[in-house]
Number of protein chains: 2
Amino acid sequence: MQAIFEEISVSDFFYRNRELAGFSSPSRATYMVIREVLENSLDACEEAGVLPNVKVSLSTVEGKVYRLTVKDNGFGVPVEEVPYAFGKFLYGSKFRLKQSRGVFGLGGAMALLYGQVTSGMPARVAVSDGGDIFEFKLRIDVERNEPLVEGRKRRKNVNGWHGTFVEMFFKGDYPKAEGKIIQYLQQTVIASPHAEVEFIDPAGRQRVFGRSVEEAPSPPVEVLPHPHGLDVEMLRRLVRRHGSKSLLSFMVKSFQRVGLATAKRFLEEAGFSPYQPVSSLSDRDILDLLDAMRNYKFPPPDAKCLSPIGRDALEAAIRKMFDPDFLYVCQRPPSVYRGHPFIVEVAVAYGCKNVEAGNGVSLYRFANKIPLVYDAYSDVSMKVVKRFNWSSYVSRPAAIAVFTHICSTRVPFKTAGKECVADPPEVEREIEMGLRECCRRLKTFLTGKIEVEEHGRRMKAYRRYLPEIARLAAELAGRDKPPSVADLIEEGGAWR
Amino acid sequence: MQAIFEEISVSDFFYRNRELAGFSSPSRATYMVIREVLENSLDACEEAGVLPNVKVSLSTVEGKVYRLTVKDNGFGVPVEEVPYAFGKFLYGSKFRLKQSRGVFGLGGAMALLYGQVTSGMPARVAVSDGGDIFEFKLRIDVERNEPLVEGRKRRKNVNGWHGTFVEMFFKGDYPKAEGKIIQYLQQTVIASPHAEVEFIDPAGRQRVFGRSVEEAPSPPVEVLPHPHGLDVEMLRRLVRRHGSKSLLSFMVKSFQRVGLATAKRFLEEAGFSPYQPVSSLSDRDILDLLDAMRNYKFPPPDAKCLSPIGRDALEAAIRKMFDPDFLYVCQRPPSVYRGHPFIVEVAVAYGCKNVEAGNGVSLYRFANKIPLVYDAYSDVSMKVVKRFNWSSYVSRPAAIAVFTHICSTRVPFKTAGKECVADPPEVEREIEMGLRECCRRLKTFLTGKIEVEEHGRRMKAYRRYLPEIARLAAELAGRDKPPSVADLIEEGGAWR
């Protein structure tokens with residue numbers, strides 16, 4: 001029997017294996033469709049430098065078929081890119097070296113594909129930069145991974161709206177997904193405190209997840225790769241692209257943190273002539289150059305391609321949502337794993353309102369400003385929280401909420417559904433360090449709190465017995481009037 | 001600032017996101033490289049209908065760079081397919097409707113890619129069907145997702161070997177991966193009891209994981225799709241391919257379990273003319289036809305595309321490895337989720353040797369004859385085992401080993417690294433049913449065991465006191481000789 005060999009397209013691959021992108025059941029798919037479209041909108045607004053106002057609306061069409069619309073106030077994508085940006089897998093603007101919510105170039109197309117194969121209906125996408133509105137009816141040709149434009153309209157823009165509007169139909173299960181979706185939306189405005197998200201659910205209930213800061217974070221800036229983040233493949237590609245340059249100019253132009261002086265010193269130490277053309281490097285040379293780059297101490301990667309939430313913004317968002325008795329936010333300095341820069345932010349809150357106190361520690365995980373609400377037990381943050389030596393800091397780890405955020409040009413997600421983060425040792429360590437710092441503060445707070453409570457108990461006893469003692473003492477001494485104890489038992493008095 | 005839109009190839013996607021395919025750290029990658037190549041070998045042998053003898057050898061080249069060779073006794077892939085089968089993503093023979101270990105068309109290419117980008121070295125692949133040996137030196141052009149053949153040789157085959165030989169170099173961490181790799185190899189021959197795998201580790205130690213049955217399982221047979229497994233996309237594709245056929249012939253030729261009579265009855269009930277050409281179906285018609293197909297009671301899917309391990313083979317393998325006091329293997333009847341047939345096999349063993357007894361239940365998970373040794377906590381089997389009502393069956397769930405195997409044309413893996421299975425309700429239910437059946441048997445066994453122990457305790461007391469009582473009774477009665485109690489206290493005697 002002869003096996004049949006064939007090739008399938010990447011869209012066909014994800015069509016056949018949609019579990020891999022998180023579309024594993026009708027309820028999970030409902031959650032995924034909403035988040036993929038919403039995250040694209042937030043990225044678009046951030047790119048455009050506007051405070052995001054995103055309206056998400058979900059309604060029932062018939063049976064289990066839902067209609068989703070998402071409308072934002074960014075500036076849309078260029079008109080000619082619309083069919084590809086939405087209707088083609090592995091096409092997009094997120095493959096550059098700067099932080100964004102989307103990273104795989106899958107999400108939008110995956111949402112469309114899922115809608116198309118479950119409802120049989122095309123999606124509608126409209127964009128405007130403030131001028132005319134361009135509207136597309138789109139499907140994906142799954143076998144070829146190409147967009148199919150079924151309709152195209154240009155309309156006058158009467159009220160000057162700018163942004164992106166997406167309408168799609170899909171089979172889902174909102175009742176089962178509701179809990180996770182609401183959680184996700186609540187946490188979205190914790191991680192993006194400058195965003196406002198309005199959500200209308202299939203029952204027509206409107207919920208507004210409001211902003212807690214009025215300033216957009218400074219957008220991340222694209223950077224060149226760092227010499228420590230390279231492997232053979234990437235170095236080969238760069239060499240191919242810069243064949244005619246000298247090694248010296250190649251080093252300076254291709255990498256961040258490599259100036260003329262550094263490049264020269266490095267190349268000489270590594271035994272390369274700075275002026276030989278890149279194209280003259282043999283396979284062996286490339287391996288040697290790579291090795292030398294790995295072992296040379298270049299300055300650490302630039303973190304301007306990253307956009308952490310920020311201590312103040314994260315604090316404002318958590319206070320607004322949970323109103324805790326104690327809160328400390330720690331932003332760790334930029335660090336590196338496999339040459340990719342990353343920043344970890346950790347917050348610990350104690351005595352949160354609006355949540356069931358629960359037993360033990362509640363963990364809220366974020367990555368590149370995305371809340372992660374599934375698969376917590378496979379996540380590096382959970383690993384750290386579980387083995388953390390809580391007893392050194394608190395008598396019992398109850399009613400504590402931990403928030404972790406990792407942002408990077410390359411978050412090590414374990415799945416294309418972006419639900420949990422892998423555990424490179426460097427990332428694990430930074431989370432642990434952040435958690436420790438927060439918990440040291442918590443301990444100080446709790447010790448103070450215990451002292452205050454202790455003092456209160458003492459004062460209560462004094463207030464009860466001191467007057468009696470004073471009376472008895474006066475009686476024994478044969479005096480008429482007992483001595484005054486008011487000074488002693490007054491709040492903040494001498495016995496404190 | 002204008003965003004830059006671009007397209008990347010599927011190999012570039014997995015190159016950038018190798019965590020998604022399970023290559024998340026040097027140790028994990030070591031494990032993945034071995035398993036991907038080994039699983040391809042086992043599939044090839046199964047396809048060829050031979051008892052697999054696979055030799056895996058890992059050695060240190062320098063530093064953290066390893067050399068892996070895997071040699072099997074299948075019949076190789078056709079010579080002209082070698083570069084594509086090994087050097088191109090989403091190319092292969094595994095996209096058909098029958099069970100195989102590989103399903104994503106990723107594994108082999110991913111292993112090669114990982115080797116190439118970490119070691120900078122090409123891979124070597126040799127195949128033979130018993131005639132000449134054809135050898136290739138291969139790389140992948142990652143940006144274009146195409147194989148690059150760097151060398152090609154044809155050699156005389158002096159000893160008549162047939163099969164596939166792969167040699168590759170990669171950066172890894174064997175010491176850290178060793179535990180998982182040995183576990184994986186041990187369990188491989190549980191799930192494929194007809195296979196023998198020899199492994200030589202970097203220290204030169206040889207381990208042989210031997211076969212426990214001498215018969216190859218009957219290979220799975222490719223089938224047509226079942227009408228209940230369809231969605232709009234797949235129906236559209238079929239319609240496109242069979243445009244000129246009548247609806248009646250389309251139904252019979254495109255689907256399994258649909259004969260002429262069934263097709264006619266179905267089409268008439270659904271309001272379609274059996275003789276209209278498929279090409280005349282409108283978009284709306286296709287949706288209606290799909291709906292009708294979903295609601296019509298066709299016979300259940302054919303399970304001949306599946307190849308379960310089998311009760312006897314699984315029992316032999318577990319007995320050989322663990323030598324348990326009690327073992328029961330249950331094979332559930334074929335079932336269906338989303339139109340995909342699947343079979344669940346569950347085994348429960350009690351009193352296993354060669355393992356630490358451990359607390360609670362040990363779980364061994366398999367899918368399409370692959371052992372799953374990572375990410376147990378995200379797996380449907382773990383979910384079932386954890387919430388299972390053990391107290392109805394055993395006083396404490398200790399020293400119990402549970403084995404679960406799901407085979408399907410479409411195992412709902414959660415990740416492309418194939419480490420854990422998602423939880424469609426139908427799959428969950430079958431695992432639970434299998435576990436219950438095994439545990440009922442276990443309960444019967446344990447109850448019997450308890451009775452035997454209870455009897456033993458009673459007999460011991462009798463043996464101690466009865467002679468004494470007899471002596472006293474004789475004394476009281478003034479007799480010389482006490483009555484004989486031997487009958488009463490003999491093992492298997494009247495007092496049993």
# chains A, B, ... in the order shown; residues from 1 in each chain; ligands from 1
>>> interface_residues(of="chain A", to="chain B", cutoff="6 Å", atoms="only C-alpha atoms", output="ChimeraX atom specification")
/A:3-8,19-20,90-93,117,120,232-233,414-415
>>> write_last_selection(atoms="C-alpha atoms", output="PDB file, in the first residue's frame")
ATOM      1  CA  ALA A   3       1.143   6.306   1.228  1.00  0.00           C
ATOM      2  CA  ILE A   4      -0.172   9.483  -0.403  1.00  0.00           C
ATOM      3  CA  PHE A   5       1.970  12.568   0.114  1.00  0.00           C
ATOM      4  CA  GLU A   6       0.433  16.016  -0.091  1.00  0.00           C
ATOM      5  CA  GLU A   7       0.807  19.553   1.141  1.00  0.00           C
ATOM      6  CA  ILE A   8      -1.762  21.553   3.043  1.00  0.00           C
ATOM      7  CA  GLU A  19      -7.862  23.296  19.284  1.00  0.00           C
ATOM      8  CA  LEU A  20      -4.272  24.428  18.832  1.00  0.00           C
ATOM      9  CA  LEU A  90       0.538  34.473   8.960  1.00  0.00           C
ATOM     10  CA  TYR A  91       0.049  37.886   7.405  1.00  0.00           C
ATOM     11  CA  GLY A  92       0.186  41.026   9.486  1.00  0.00           C
ATOM     12  CA  SER A  93       2.151  43.783  11.110  1.00  0.00           C
ATOM     13  CA  VAL A 117     -16.886  27.212   8.971  1.00  0.00           C
ATOM     14  CA  GLY A 120     -21.333  29.557   6.704  1.00  0.00           C
ATOM     15  CA  VAL A 232      22.266  30.387  13.016  1.00  0.00           C
ATOM     16  CA  GLU A 233      19.089  30.865  11.016  1.00  0.00           C
ATOM     17  CA  LYS A 414       3.031  27.550  25.465  1.00  0.00           C
ATOM     18  CA  THR A 415       0.067  27.520  23.084  1.00  0.00           C
TER      19      THR A 415
END
>>> select_by_dssp(residues="range 242-435 of chain A", states="strand (DSSP E)", output="ChimeraX atom specification")
/A:326-331,335-337,340-350,361-367,370-372,400-408
>>> closest_residue(among="B:Arg144, B:Val452, B:Glu198, B:Glu432", to="Asn389 in chain B", atoms="only C-alpha atoms")
B:Glu432
>>> residues_around(residues="Val336 in chain A", least_positions_apart="3", cutoff="8 Å", atoms="only C-alpha atoms", output="PyMOL selection string")
chain A and resi 300-301+339-342+426
